[in-house]
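Enquirer: Hey, dropping upload.cif in here, mmCIF, N, CA and C atoms:
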data_data
#
loop_
_atom_site.label_atom_id
_atom_site.label_comp_id
_atom_site.auth_asym_id
_atom_site.auth_seq_id
_atom_site.Cartn_x
_atom_site.Cartn_y
_atom_site.Cartn_z
N MET A 183 161.88 91.66 69.32
CA MET A 183 160.44 91.63 69.05
C MET A 183 160.21 90.93 67.70
N THR A 184 159.28 89.99 67.68
CA THR A 184 158.99 89.26 66.44
C THR A 184 158.18 90.11 65.48
N LEU A 185 158.14 89.68 64.24
CA LEU A 185 157.34 90.37 63.23
C LEU A 185 155.87 90.41 63.66
N GLU A 186 155.37 89.30 64.17
CA GLU A 186 153.98 89.24 64.62
C GLU A 186 153.70 90.24 65.73
N GLN A 187 154.65 90.37 66.65
CA GLN A 187 154.48 91.34 67.74
C GLN A 187 154.49 92.77 67.23
N ARG A 188 155.38 93.04 66.27
CA ARG A 188 155.44 94.39 65.68
C ARG A 188 154.13 94.72 64.98
N ILE A 189 153.60 93.78 64.21
CA ILE A 189 152.33 93.99 63.51
C ILE A 189 151.21 94.20 64.51
N ALA A 190 151.14 93.34 65.52
CA ALA A 190 150.09 93.45 66.54
C ALA A 190 150.15 94.80 67.26
N ASP A 191 151.35 95.28 67.55
CA ASP A 191 151.50 96.57 68.22
C ASP A 191 150.95 97.71 67.36
N ILE A 192 151.25 97.69 66.08
CA ILE A 192 150.76 98.75 65.19
C ILE A 192 149.24 98.66 65.05
N ILE A 193 148.72 97.46 64.93
CA ILE A 193 147.26 97.30 64.84
C ILE A 193 146.59 97.82 66.11
N GLU A 194 147.20 97.60 67.25
CA GLU A 194 146.65 98.12 68.51
C GLU A 194 146.60 99.65 68.49
N GLN A 195 147.54 100.28 67.82
CA GLN A 195 147.54 101.74 67.71
C GLN A 195 146.47 102.24 66.75
N ILE A 196 146.12 101.41 65.76
CA ILE A 196 145.10 101.76 64.78
C ILE A 196 143.69 101.55 65.34
N ARG A 197 143.54 100.56 66.20
CA ARG A 197 142.22 100.15 66.72
C ARG A 197 141.36 101.30 67.25
N PRO A 198 141.90 102.22 68.06
CA PRO A 198 141.03 103.29 68.58
C PRO A 198 140.36 104.13 67.49
N HIS A 199 141.04 104.30 66.36
CA HIS A 199 140.46 105.07 65.26
C HIS A 199 139.25 104.33 64.66
N LEU A 200 139.36 103.02 64.54
CA LEU A 200 138.25 102.22 64.03
C LEU A 200 137.13 102.12 65.06
N GLN A 201 137.51 101.98 66.32
CA GLN A 201 136.51 101.88 67.39
C GLN A 201 135.71 103.17 67.53
N ALA A 202 136.31 104.29 67.22
CA ALA A 202 135.61 105.58 67.31
C ALA A 202 134.44 105.63 66.33
N ASP A 203 134.51 104.83 65.26
CA ASP A 203 133.43 104.78 64.27
C ASP A 203 132.56 103.53 64.42
N GLY A 204 132.71 102.84 65.56
CA GLY A 204 131.87 101.67 65.82
C GLY A 204 132.43 100.37 65.27
N GLY A 205 133.67 100.39 64.82
CA GLY A 205 134.27 99.19 64.26
C GLY A 205 135.41 98.67 65.12
N ASP A 206 136.10 97.69 64.60
CA ASP A 206 137.25 97.13 65.30
C ASP A 206 138.06 96.30 64.31
N ILE A 207 139.21 95.86 64.73
CA ILE A 207 140.09 95.04 63.89
C ILE A 207 140.77 94.02 64.77
N ARG A 208 140.95 92.83 64.20
CA ARG A 208 141.64 91.75 64.91
C ARG A 208 142.73 91.20 64.01
N PHE A 209 143.95 91.13 64.53
CA PHE A 209 145.07 90.54 63.81
C PHE A 209 144.92 89.03 63.83
N VAL A 210 144.95 88.40 62.65
CA VAL A 210 144.78 86.96 62.55
C VAL A 210 146.13 86.27 62.39
N GLU A 211 146.88 86.65 61.34
CA GLU A 211 148.18 86.04 61.11
C GLU A 211 148.95 86.82 60.05
N VAL A 212 150.23 86.50 59.94
CA VAL A 212 151.04 86.98 58.83
C VAL A 212 151.58 85.73 58.14
N THR A 213 151.44 85.69 56.82
CA THR A 213 151.86 84.52 56.06
C THR A 213 153.36 84.57 55.78
N GLU A 214 153.89 83.47 55.26
CA GLU A 214 155.32 83.41 54.94
C GLU A 214 155.71 84.42 53.86
N ASP A 215 154.75 84.81 53.02
CA ASP A 215 155.03 85.80 51.99
C ASP A 215 154.62 87.21 52.42
N TYR A 216 154.52 87.42 53.72
CA TYR A 216 154.29 88.74 54.32
C TYR A 216 152.95 89.38 53.98
N VAL A 217 151.93 88.56 53.86
CA VAL A 217 150.56 89.06 53.74
C VAL A 217 149.96 89.01 55.14
N VAL A 218 149.48 90.15 55.59
CA VAL A 218 148.88 90.25 56.92
C VAL A 218 147.39 90.01 56.79
N LYS A 219 146.88 89.06 57.56
CA LYS A 219 145.46 88.76 57.55
C LYS A 219 144.84 89.32 58.82
N VAL A 220 143.76 90.07 58.63
CA VAL A 220 143.03 90.68 59.74
C VAL A 220 141.55 90.39 59.57
N GLU A 221 140.81 90.69 60.60
CA GLU A 221 139.35 90.61 60.53
C GLU A 221 138.79 91.94 60.96
N LEU A 222 138.11 92.62 60.03
CA LEU A 222 137.42 93.85 60.38
C LEU A 222 136.11 93.46 61.06
N GLN A 223 135.80 94.12 62.16
CA GLN A 223 134.64 93.74 62.96
C GLN A 223 133.73 94.94 63.19
N GLY A 224 132.55 94.66 63.72
CA GLY A 224 131.59 95.72 64.04
C GLY A 224 131.18 96.47 62.78
N ALA A 225 131.09 97.78 62.90
CA ALA A 225 130.68 98.61 61.78
C ALA A 225 131.63 98.47 60.59
N CYS A 226 132.90 98.20 60.87
CA CYS A 226 133.88 98.05 59.78
C CYS A 226 133.60 96.80 58.95
N GLY A 227 133.01 95.80 59.55
CA GLY A 227 132.73 94.57 58.83
C GLY A 227 131.65 94.72 57.78
N SER A 228 130.75 95.68 57.97
CA SER A 228 129.64 95.85 57.04
C SER A 228 129.68 97.18 56.28
N CYS A 229 130.67 97.99 56.55
CA CYS A 229 130.77 99.30 55.92
C CYS A 229 131.19 99.17 54.46
N PRO A 230 130.52 99.91 53.56
CA PRO A 230 130.90 99.85 52.15
C PRO A 230 132.30 100.41 51.89
N TYR A 231 132.85 101.16 52.83
CA TYR A 231 134.18 101.74 52.67
C TYR A 231 135.26 100.91 53.35
N SER A 232 134.92 99.71 53.81
CA SER A 232 135.88 98.91 54.57
C SER A 232 137.12 98.55 53.75
N LYS A 233 136.98 98.32 52.45
CA LYS A 233 138.16 98.01 51.63
C LYS A 233 139.09 99.22 51.56
N ILE A 234 138.51 100.41 51.49
CA ILE A 234 139.31 101.63 51.45
C ILE A 234 140.03 101.81 52.78
N THR A 235 139.30 101.60 53.88
CA THR A 235 139.90 101.69 55.21
C THR A 235 141.05 100.70 55.33
N LEU A 236 140.81 99.50 54.86
CA LEU A 236 141.82 98.45 54.96
C LEU A 236 143.07 98.80 54.17
N LYS A 237 142.91 99.22 52.93
CA LYS A 237 144.06 99.50 52.07
C LYS A 237 144.72 100.84 52.39
N ASN A 238 143.93 101.90 52.49
CA ASN A 238 144.50 103.23 52.68
C ASN A 238 144.85 103.54 54.12
N GLY A 239 144.24 102.84 55.05
CA GLY A 239 144.52 103.09 56.45
C GLY A 239 145.44 102.04 57.04
N VAL A 240 144.94 100.84 57.17
CA VAL A 240 145.68 99.77 57.84
C VAL A 240 146.92 99.36 57.04
N GLU A 241 146.73 99.05 55.77
CA GLU A 241 147.86 98.58 54.96
C GLU A 241 148.94 99.65 54.82
N ASP A 242 148.56 100.87 54.53
CA ASP A 242 149.55 101.93 54.37
C ASP A 242 150.34 102.16 55.66
N THR A 243 149.65 102.11 56.79
CA THR A 243 150.32 102.32 58.08
C THR A 243 151.30 101.18 58.37
N LEU A 244 150.85 99.95 58.17
CA LEU A 244 151.74 98.82 58.41
C LEU A 244 152.97 98.87 57.50
N LYS A 245 152.76 99.17 56.22
CA LYS A 245 153.88 99.23 55.28
C LYS A 245 154.86 100.35 55.64
N LYS A 246 154.36 101.43 56.20
CA LYS A 246 155.21 102.55 56.59
C LYS A 246 156.21 102.12 57.66
N TYR A 247 155.73 101.34 58.63
CA TYR A 247 156.58 100.95 59.75
C TYR A 247 157.24 99.58 59.57
N ILE A 248 156.66 98.74 58.71
CA ILE A 248 157.20 97.41 58.46
C ILE A 248 157.21 97.19 56.94
N PRO A 249 158.25 97.64 56.27
CA PRO A 249 158.29 97.58 54.81
C PRO A 249 158.18 96.17 54.22
N GLU A 250 158.47 95.15 55.01
CA GLU A 250 158.37 93.77 54.52
C GLU A 250 156.92 93.39 54.19
N VAL A 251 155.95 94.05 54.82
CA VAL A 251 154.54 93.74 54.59
C VAL A 251 154.20 94.02 53.13
N LYS A 252 153.65 93.00 52.47
CA LYS A 252 153.29 93.11 51.05
C LYS A 252 151.85 93.57 50.86
N GLU A 253 150.97 93.08 51.74
CA GLU A 253 149.54 93.36 51.58
C GLU A 253 148.83 93.07 52.90
N VAL A 254 147.68 93.70 53.08
CA VAL A 254 146.81 93.41 54.22
C VAL A 254 145.46 93.01 53.65
N VAL A 255 144.94 91.87 54.10
CA VAL A 255 143.64 91.39 53.62
C VAL A 255 142.73 91.09 54.80
N ASP A 256 141.45 91.30 54.58
CA ASP A 256 140.44 90.96 55.56
C ASP A 256 139.98 89.53 55.26
N ILE A 257 139.99 88.67 56.24
CA ILE A 257 139.62 87.28 56.01
C ILE A 257 138.15 87.14 55.60
N ASN A 258 137.35 88.18 55.80
CA ASN A 258 135.93 88.13 55.46
C ASN A 258 135.58 88.80 54.13
N LEU A 259 136.56 89.38 53.46
CA LEU A 259 136.29 90.09 52.20
C LEU A 259 136.97 89.40 51.04
N ASP A 260 136.35 89.45 49.90
CA ASP A 260 136.96 88.94 48.68
C ASP A 260 137.72 90.07 48.01
N PHE A 261 138.99 89.85 47.75
CA PHE A 261 139.80 90.86 47.06
C PHE A 261 140.18 90.37 45.71
#
Just give me the structure of the file as structure tokens.
Expert:
Amino acid sequence: MTLEQRIADIIEQIRPHLQADGGDIRFVEVTEDYVVKVELQGACGSCPYSKITLKNGVEDTLKKYIPEVKEVVDINLDF
């Protein structure tokens, strides 16, 4: 299984939690330096807590299962 497939699988497991609150997430890519790019959608795209969700939820979960991941960023947010 490729790194991209592993990341996509974990994001698919996270999606129902975001969807329960009216949001969603889409995996965009992983860079050569192991930065995962995603797009928060729906309610997550406009929620003031989306950065917290991204860092404390998505990023922490990905790093737990794939230690190579350095960071997770939303392509629509400035970090």
Enquirer: Can you pull out every residue within 6 Å of segment 221-236 of chain A, counting all atoms listed in the file, but drop anything in the same chain fewer than 4 positions away, and send it as a list in words?
Expert: Asp203, Gly204, Gly205, Asp206, Ile207, Arg208, Phe209, Val210, Val240, Glu241, Asp242, Asp256, Ile257 and Asn258 of chain A
Enquirer: Atom CA of Pro249 of chain A to atom CA of Ile192 of chain A: how many Å, to one decimal?
Expert: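 Computing it gives 12.9 Å between the two atoms.
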Enquirer: Based on the backbone DSSP call, show me all residues of chain A assigned strand (DSSP E or B), as a ChimeraX atom specification.
Expert: /A:205-212,217-224,253-256
Enquirer: Distance atom C of Glu211 of chain A-atom N of His199 of chain A, one decimal place?
Expert: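 Taking atom C of Glu211 of chain A and atom N of His199 of chain A, their separation equals 20.2 Å.
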Enquirer: Under the PyMOL selection byres (((chain A and resi 183-186 and name CA) around 12) and name CA), which residues of this model are included? Write them out as an MDAnalysis selection string.
Expert: chainID A and resid 187:193 209:214 216:219 244 247:251
Enquirer: Atom CA of Val255 of chain A to atom CA of Val220 of chain A: how many Å, to one decimal?
Expert: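 According to the coordinates, atom CA of Val255 of chain A and atom CA of Val220 of chain A are separated by 6.2 Å.
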Enquirer: Give me, as a ChimeraX atom specification, the residues of segment 186-252 of chain A that a backbone DSSP run labels helix (DSSP H, G or I).
Expert: /A:186-201,225-228,232-247
